[in-house]
Amino acid sequence: MSVVPRSEKPAGRFRRMLDRLSSSQEDLESEELREDSETVGCTRIGDCQDRQIVTVTGTLRTVTLRPRAGVPALEAELFDGSAALDVVWLGRRSIVGIEPGRRLIASGRISMSRGRRVLFNPKYELRPLGRE
């Protein structure tokens, strides 16, 4: 008798319902963000490599004002369900609409800084709040 891992078994309606009921809220939100990333046609943050030009989407978890080399910098953490990356706007103290919980599509070149993925001064598009 061979054992097939659960992820490889075809999931029936009942199994999907049980999985959703037994999953944490964070797991459900992560799955929704991963599906949204695929639907929009963006690269998953977890798949991004250093120096790669990408378009990513996700939800802003945190937004902070953190000076870099004496210059004001607005820094936000973007999460898409697979991984997180830092989005940094140099020379900005605030940007209207950039706030925690907001969905965003960002484009630019990925850099690695202290082991974290970073997008500096990306092109961005704010997505509507709530369900689309």
# chains A, B, ... in the order shown; residues from 1 in each chain; ligands from 1
>>> residues_around(residues="A:Asp80", least_positions_apart="2", cutoff="9 Å", atoms="only C-alpha atoms", output="NGL selection string")
:A and (30-34 or 36-37 or 44-46 or 56-59 or 78 or 82-85)
>>> closest_residue(among="A:Thr62, A:Thr43, A:Ser24, A:Asn121", to="A:Glu77", atoms="only C-alpha atoms")
A:Thr62
>>> closest_residue(among="A:Asp47, A:Ile110, A:Val87, A:Arg92", to="A:Pro67", atoms="only C-alpha atoms")
A:Arg92
>>> select_by_dssp(residues="stretch 60-117 of chain A", states="strand (DSSP E or B)", output="PyMOL selection string")
chain A and resi 60-65+68+71+73-79+84-90+103-113+116-117
>>> select_by_dssp(residues="chain A", states="alpha helix (DSSP H)", output="list in words")
Arg13, Phe14, Arg15, Arg16, Met17, Leu18, Asp19, Arg20, Leu21, Ser22, Gln25, Glu26, Asp27, Leu28, Glu29, Ser30, Glu31, Glu32, Leu33, Arg34, Glu35, Asp36, Ser37, Glu38, Thr39 and Val40 of chain A
>>> write_last_selection(atoms="N, CA and C atoms", output="compact mmCIF listing (two decimals), in the first residue's frame")
# COMPACT_ATOMS: atom_id res chain seq x y z
N ARG A 13 -14.66 18.29 -1.92
CA ARG A 13 -15.34 19.44 -1.30
C ARG A 13 -15.28 19.34 0.23
N PHE A 14 -15.53 18.15 0.77
CA PHE A 14 -15.51 17.97 2.22
C PHE A 14 -14.11 18.19 2.79
N ARG A 15 -13.06 17.66 2.12
CA ARG A 15 -11.68 17.81 2.59
C ARG A 15 -11.29 19.29 2.60
N ARG A 16 -11.64 20.04 1.53
CA ARG A 16 -11.32 21.47 1.48
C ARG A 16 -12.00 22.23 2.61
N MET A 17 -13.27 21.86 2.91
CA MET A 17 -13.99 22.52 3.99
C MET A 17 -13.31 22.22 5.34
N LEU A 18 -12.92 20.96 5.57
CA LEU A 18 -12.23 20.62 6.82
C LEU A 18 -10.90 21.36 6.93
N ASP A 19 -10.15 21.44 5.83
CA ASP A 19 -8.87 22.15 5.84
C ASP A 19 -9.07 23.62 6.20
N ARG A 20 -10.09 24.25 5.63
CA ARG A 20 -10.35 25.66 5.92
C ARG A 20 -10.76 25.86 7.37
N LEU A 21 -11.56 24.93 7.92
CA LEU A 21 -12.01 25.06 9.30
C LEU A 21 -10.87 24.84 10.29
N SER A 22 -9.90 24.01 9.93
CA SER A 22 -8.80 23.70 10.85
C SER A 22 -7.59 24.63 10.65
N GLN A 25 -6.30 31.80 10.89
CA GLN A 25 -6.65 32.97 10.09
C GLN A 25 -5.45 33.43 9.25
N GLU A 26 -4.26 33.37 9.81
CA GLU A 26 -3.06 33.79 9.08
C GLU A 26 -2.80 32.88 7.88
N ASP A 27 -3.02 31.55 8.05
CA ASP A 27 -2.85 30.62 6.94
C ASP A 27 -3.85 30.91 5.82
N LEU A 28 -5.08 31.21 6.20
CA LEU A 28 -6.11 31.50 5.20
C LEU A 28 -5.78 32.78 4.43
N GLU A 29 -5.32 33.81 5.15
CA GLU A 29 -4.95 35.06 4.49
C GLU A 29 -3.75 34.87 3.57
N SER A 30 -2.78 34.07 4.00
CA SER A 30 -1.61 33.79 3.17
C SER A 30 -2.01 33.08 1.88
N GLU A 31 -2.89 32.10 1.99
CA GLU A 31 -3.37 31.37 0.81
C GLU A 31 -4.10 32.31 -0.15
N GLU A 32 -4.93 33.19 0.41
CA GLU A 32 -5.66 34.16 -0.42
C GLU A 32 -4.70 35.10 -1.15
N LEU A 33 -3.65 35.55 -0.46
CA LEU A 33 -2.67 36.44 -1.09
C LEU A 33 -1.89 35.72 -2.19
N ARG A 34 -1.52 34.44 -1.97
CA ARG A 34 -0.82 33.67 -3.00
C ARG A 34 -1.69 33.51 -4.24
N GLU A 35 -2.98 33.21 -4.05
CA GLU A 35 -3.90 33.07 -5.18
C GLU A 35 -4.08 34.40 -5.91
N ASP A 36 -4.14 35.49 -5.16
CA ASP A 36 -4.29 36.82 -5.76
C ASP A 36 -3.07 37.16 -6.61
N SER A 37 -1.89 36.80 -6.13
CA SER A 37 -0.66 37.06 -6.87
C SER A 37 -0.67 36.33 -8.21
N GLU A 38 -1.12 35.08 -8.22
CA GLU A 38 -1.21 34.31 -9.45
C GLU A 38 -2.26 34.89 -10.39
N THR A 39 -3.40 35.31 -9.84
CA THR A 39 -4.48 35.86 -10.65
C THR A 39 -4.05 37.13 -11.37
N VAL A 40 -3.34 38.01 -10.67
CA VAL A 40 -2.90 39.29 -11.23
C VAL A 40 -1.74 39.09 -12.21
>>> closest_residue(among="A:Ile53, A:Leu65, A:Ala73, A:Cys42", to="A:Leu90", atoms="only C-alpha atoms")
A:Ala73
>>> atom_distance(atom1="atom CA of A:Arg127", atom2="atom CA of A:Arg114")
29.0 Å
>>> closest_residue(among="A:Gly41, A:Gln52, A:Phe120, A:Ser111", to="A:Glu75", atoms="only C-alpha atoms")
A:Phe120
>>> residues_around(residues="A:Thr64", least_positions_apart="3", cutoff="12 Å", atoms="only C-alpha atoms", output="JSON, numbers by chain")
{"A": [60, 61, 67, 72, 73, 74, 75, 76, 77, 86, 87, 88, 89, 92, 93, 94, 95, 98, 99, 100]}
>>> atom_distance(atom1="atom CA of A:Gly91", atom2="atom CA of A:Val71")
5.9 Å
>>> atom_distance(atom1="atom CA of A:Tyr124", atom2="atom CA of A:Arg109")
12.5 Å
>>> decode(residues="stretch 117-129 of chain A", atoms="all heavy atoms", output="PDB file, in the first residue's frame")
ATOM      1  N   ARG A 117      14.968  41.001   0.946  1.00  0.00           N
ATOM      2  CA  ARG A 117      14.679  41.563  -0.371  1.00  0.00           C
ATOM      3  C   ARG A 117      14.170  42.988  -0.203  1.00  0.00           C
ATOM      4  O   ARG A 117      13.342  43.251   0.670  1.00  0.00           O
ATOM      5  CB  ARG A 117      13.613  40.722  -1.072  1.00  0.00           C
ATOM      6  CG  ARG A 117      14.058  39.328  -1.403  1.00  0.00           C
ATOM      7  CD  ARG A 117      12.864  38.529  -1.932  1.00  0.00           C
ATOM      8  NE  ARG A 117      13.224  37.169  -2.205  1.00  0.00           N
ATOM      9  CZ  ARG A 117      13.099  36.173  -1.328  1.00  0.00           C
ATOM     10  NH1 ARG A 117      12.627  36.412  -0.126  1.00  0.00           N
ATOM     11  NH2 ARG A 117      13.464  34.960  -1.659  1.00  0.00           N
ATOM     12  N   VAL A 118      14.643  43.909  -1.069  1.00  0.00           N
ATOM     13  CA  VAL A 118      14.251  45.317  -0.987  1.00  0.00           C
ATOM     14  C   VAL A 118      13.963  45.853  -2.384  1.00  0.00           C
ATOM     15  O   VAL A 118      14.676  45.549  -3.333  1.00  0.00           O
ATOM     16  CB  VAL A 118      15.372  46.176  -0.342  1.00  0.00           C
ATOM     17  CG1 VAL A 118      14.935  47.623  -0.215  1.00  0.00           C
ATOM     18  CG2 VAL A 118      15.783  45.621   1.005  1.00  0.00           C
ATOM     19  N   LEU A 119      12.904  46.657  -2.499  1.00  0.00           N
ATOM     20  CA  LEU A 119      12.599  47.413  -3.716  1.00  0.00           C
ATOM     21  C   LEU A 119      12.763  48.888  -3.366  1.00  0.00           C
ATOM     22  O   LEU A 119      12.047  49.396  -2.509  1.00  0.00           O
ATOM     23  CB  LEU A 119      11.151  47.180  -4.152  1.00  0.00           C
ATOM     24  CG  LEU A 119      10.830  46.057  -5.093  1.00  0.00           C
ATOM     25  CD1 LEU A 119       9.326  45.982  -5.345  1.00  0.00           C
ATOM     26  CD2 LEU A 119      11.560  46.198  -6.395  1.00  0.00           C
ATOM     27  N   PHE A 120      13.707  49.577  -4.009  1.00  0.00           N
ATOM     28  CA  PHE A 120      13.899  50.997  -3.769  1.00  0.00           C
ATOM     29  C   PHE A 120      13.145  51.805  -4.808  1.00  0.00           C
ATOM     30  O   PHE A 120      13.238  51.534  -6.010  1.00  0.00           O
ATOM     31  CB  PHE A 120      15.394  51.370  -3.831  1.00  0.00           C
ATOM     32  CG  PHE A 120      16.178  50.911  -2.641  1.00  0.00           C
ATOM     33  CD1 PHE A 120      16.955  49.776  -2.699  1.00  0.00           C
ATOM     34  CD2 PHE A 120      16.122  51.617  -1.451  1.00  0.00           C
ATOM     35  CE1 PHE A 120      17.678  49.347  -1.605  1.00  0.00           C
ATOM     36  CE2 PHE A 120      16.840  51.202  -0.345  1.00  0.00           C
ATOM     37  CZ  PHE A 120      17.614  50.057  -0.420  1.00  0.00           C
ATOM     38  N   ASN A 121      12.393  52.815  -4.367  1.00  0.00           N
ATOM     39  CA  ASN A 121      11.640  53.737  -5.219  1.00  0.00           C
ATOM     40  C   ASN A 121      10.901  53.028  -6.354  1.00  0.00           C
ATOM     41  O   ASN A 121      11.096  53.347  -7.531  1.00  0.00           O
ATOM     42  CB  ASN A 121      12.574  54.815  -5.785  1.00  0.00           C
ATOM     43  CG  ASN A 121      13.155  55.686  -4.710  1.00  0.00           C
ATOM     44  OD1 ASN A 121      12.494  56.010  -3.728  1.00  0.00           O
ATOM     45  ND2 ASN A 121      14.399  56.070  -4.877  1.00  0.00           N
ATOM     46  N   PRO A 122      10.035  52.065  -6.017  1.00  0.00           N
ATOM     47  CA  PRO A 122       9.361  51.315  -7.077  1.00  0.00           C
ATOM     48  C   PRO A 122       8.227  52.112  -7.715  1.00  0.00           C
ATOM     49  O   PRO A 122       7.704  53.061  -7.135  1.00  0.00           O
ATOM     50  CB  PRO A 122       8.777  50.122  -6.322  1.00  0.00           C
ATOM     51  CG  PRO A 122       8.459  50.691  -4.983  1.00  0.00           C
ATOM     52  CD  PRO A 122       9.604  51.644  -4.695  1.00  0.00           C
ATOM     53  N   LYS A 123       7.858  51.705  -8.928  1.00  0.00           N
ATOM     54  CA  LYS A 123       6.592  52.149  -9.497  1.00  0.00           C
ATOM     55  C   LYS A 123       5.548  51.362  -8.729  1.00  0.00           C
ATOM     56  O   LYS A 123       5.750  50.180  -8.430  1.00  0.00           O
ATOM     57  CB  LYS A 123       6.506  51.800 -10.977  1.00  0.00           C
ATOM     58  CG  LYS A 123       7.492  52.535 -11.833  1.00  0.00           C
ATOM     59  CD  LYS A 123       7.318  52.105 -13.275  1.00  0.00           C
ATOM     60  CE  LYS A 123       8.401  52.735 -14.121  1.00  0.00           C
ATOM     61  NZ  LYS A 123       8.343  52.241 -15.514  1.00  0.00           N
ATOM     62  N   TYR A 124       4.429  51.980  -8.391  1.00  0.00           N
ATOM     63  CA  TYR A 124       3.436  51.251  -7.609  1.00  0.00           C
ATOM     64  C   TYR A 124       2.030  51.657  -8.013  1.00  0.00           C
ATOM     65  O   TYR A 124       1.801  52.713  -8.598  1.00  0.00           O
ATOM     66  CB  TYR A 124       3.641  51.476  -6.105  1.00  0.00           C
ATOM     67  CG  TYR A 124       3.387  52.894  -5.661  1.00  0.00           C
ATOM     68  CD1 TYR A 124       2.138  53.258  -5.172  1.00  0.00           C
ATOM     69  CD2 TYR A 124       4.375  53.853  -5.738  1.00  0.00           C
ATOM     70  CE1 TYR A 124       1.894  54.563  -4.767  1.00  0.00           C
ATOM     71  CE2 TYR A 124       4.152  55.149  -5.325  1.00  0.00           C
ATOM     72  CZ  TYR A 124       2.902  55.496  -4.858  1.00  0.00           C
ATOM     73  OH  TYR A 124       2.667  56.776  -4.456  1.00  0.00           O
ATOM     74  N   GLU A 125       1.100  50.763  -7.701  1.00  0.00           N
ATOM     75  CA  GLU A 125      -0.315  50.985  -7.951  1.00  0.00           C
ATOM     76  C   GLU A 125      -1.076  50.544  -6.712  1.00  0.00           C
ATOM     77  O   GLU A 125      -0.918  49.411  -6.264  1.00  0.00           O
ATOM     78  CB  GLU A 125      -0.740  50.143  -9.161  1.00  0.00           C
ATOM     79  CG  GLU A 125      -2.193  50.195  -9.474  1.00  0.00           C
ATOM     80  CD  GLU A 125      -2.564  49.260 -10.618  1.00  0.00           C
ATOM     81  OE1 GLU A 125      -1.693  48.988 -11.473  1.00  0.00           O
ATOM     82  OE2 GLU A 125      -3.706  48.809 -10.640  1.00  0.00           O
ATOM     83  N   LEU A 126      -1.862  51.438  -6.148  1.00  0.00           N
ATOM     84  CA  LEU A 126      -2.673  51.096  -4.983  1.00  0.00           C
ATOM     85  C   LEU A 126      -3.876  50.318  -5.474  1.00  0.00           C
ATOM     86  O   LEU A 126      -4.490  50.682  -6.474  1.00  0.00           O
ATOM     87  CB  LEU A 126      -3.115  52.357  -4.243  1.00  0.00           C
ATOM     88  CG  LEU A 126      -1.999  53.206  -3.638  1.00  0.00           C
ATOM     89  CD1 LEU A 126      -2.576  54.483  -3.067  1.00  0.00           C
ATOM     90  CD2 LEU A 126      -1.249  52.439  -2.578  1.00  0.00           C
ATOM     91  N   ARG A 127      -4.225  49.254  -4.767  1.00  0.00           N
ATOM     92  CA  ARG A 127      -5.390  48.448  -5.134  1.00  0.00           C
ATOM     93  C   ARG A 127      -6.546  48.838  -4.243  1.00  0.00           C
ATOM     94  O   ARG A 127      -6.347  49.310  -3.117  1.00  0.00           O
ATOM     95  CB  ARG A 127      -5.045  46.971  -4.966  1.00  0.00           C
ATOM     96  CG  ARG A 127      -3.822  46.659  -5.843  1.00  0.00           C
ATOM     97  CD  ARG A 127      -3.633  45.324  -6.351  1.00  0.00           C
ATOM     98  NE  ARG A 127      -4.782  44.614  -6.796  1.00  0.00           N
ATOM     99  CZ  ARG A 127      -4.923  43.300  -6.608  1.00  0.00           C
ATOM    100  NH1 ARG A 127      -4.002  42.627  -5.979  1.00  0.00           N
ATOM    101  NH2 ARG A 127      -5.985  42.682  -7.077  1.00  0.00           N
ATOM    102  N   PRO A 128      -7.768  48.643  -4.714  1.00  0.00           N
ATOM    103  CA  PRO A 128      -8.936  49.027  -3.909  1.00  0.00           C
ATOM    104  C   PRO A 128      -8.980  48.295  -2.587  1.00  0.00           C
ATOM    105  O   PRO A 128      -8.525  47.149  -2.481  1.00  0.00           O
ATOM    106  CB  PRO A 128     -10.122  48.621  -4.781  1.00  0.00           C
ATOM    107  CG  PRO A 128      -9.586  48.429  -6.142  1.00  0.00           C
ATOM    108  CD  PRO A 128      -8.136  48.090  -5.994  1.00  0.00           C
ATOM    109  N   LEU A 129      -9.523  48.966  -1.577  1.00  0.00           N
ATOM    110  CA  LEU A 129      -9.685  48.345  -0.265  1.00  0.00           C
ATOM    111  C   LEU A 129     -10.846  47.369  -0.319  1.00  0.00           C
ATOM    112  O   LEU A 129     -11.816  47.562  -1.055  1.00  0.00           O
ATOM    113  CB  LEU A 129      -9.962  49.398   0.802  1.00  0.00           C
ATOM    114  CG  LEU A 129      -8.810  50.371   1.062  1.00  0.00           C
ATOM    115  CD1 LEU A 129      -9.273  51.463   1.994  1.00  0.00           C
ATOM    116  CD2 LEU A 129      -7.627  49.642   1.653  1.00  0.00           C
TER     117      LEU A 129
END
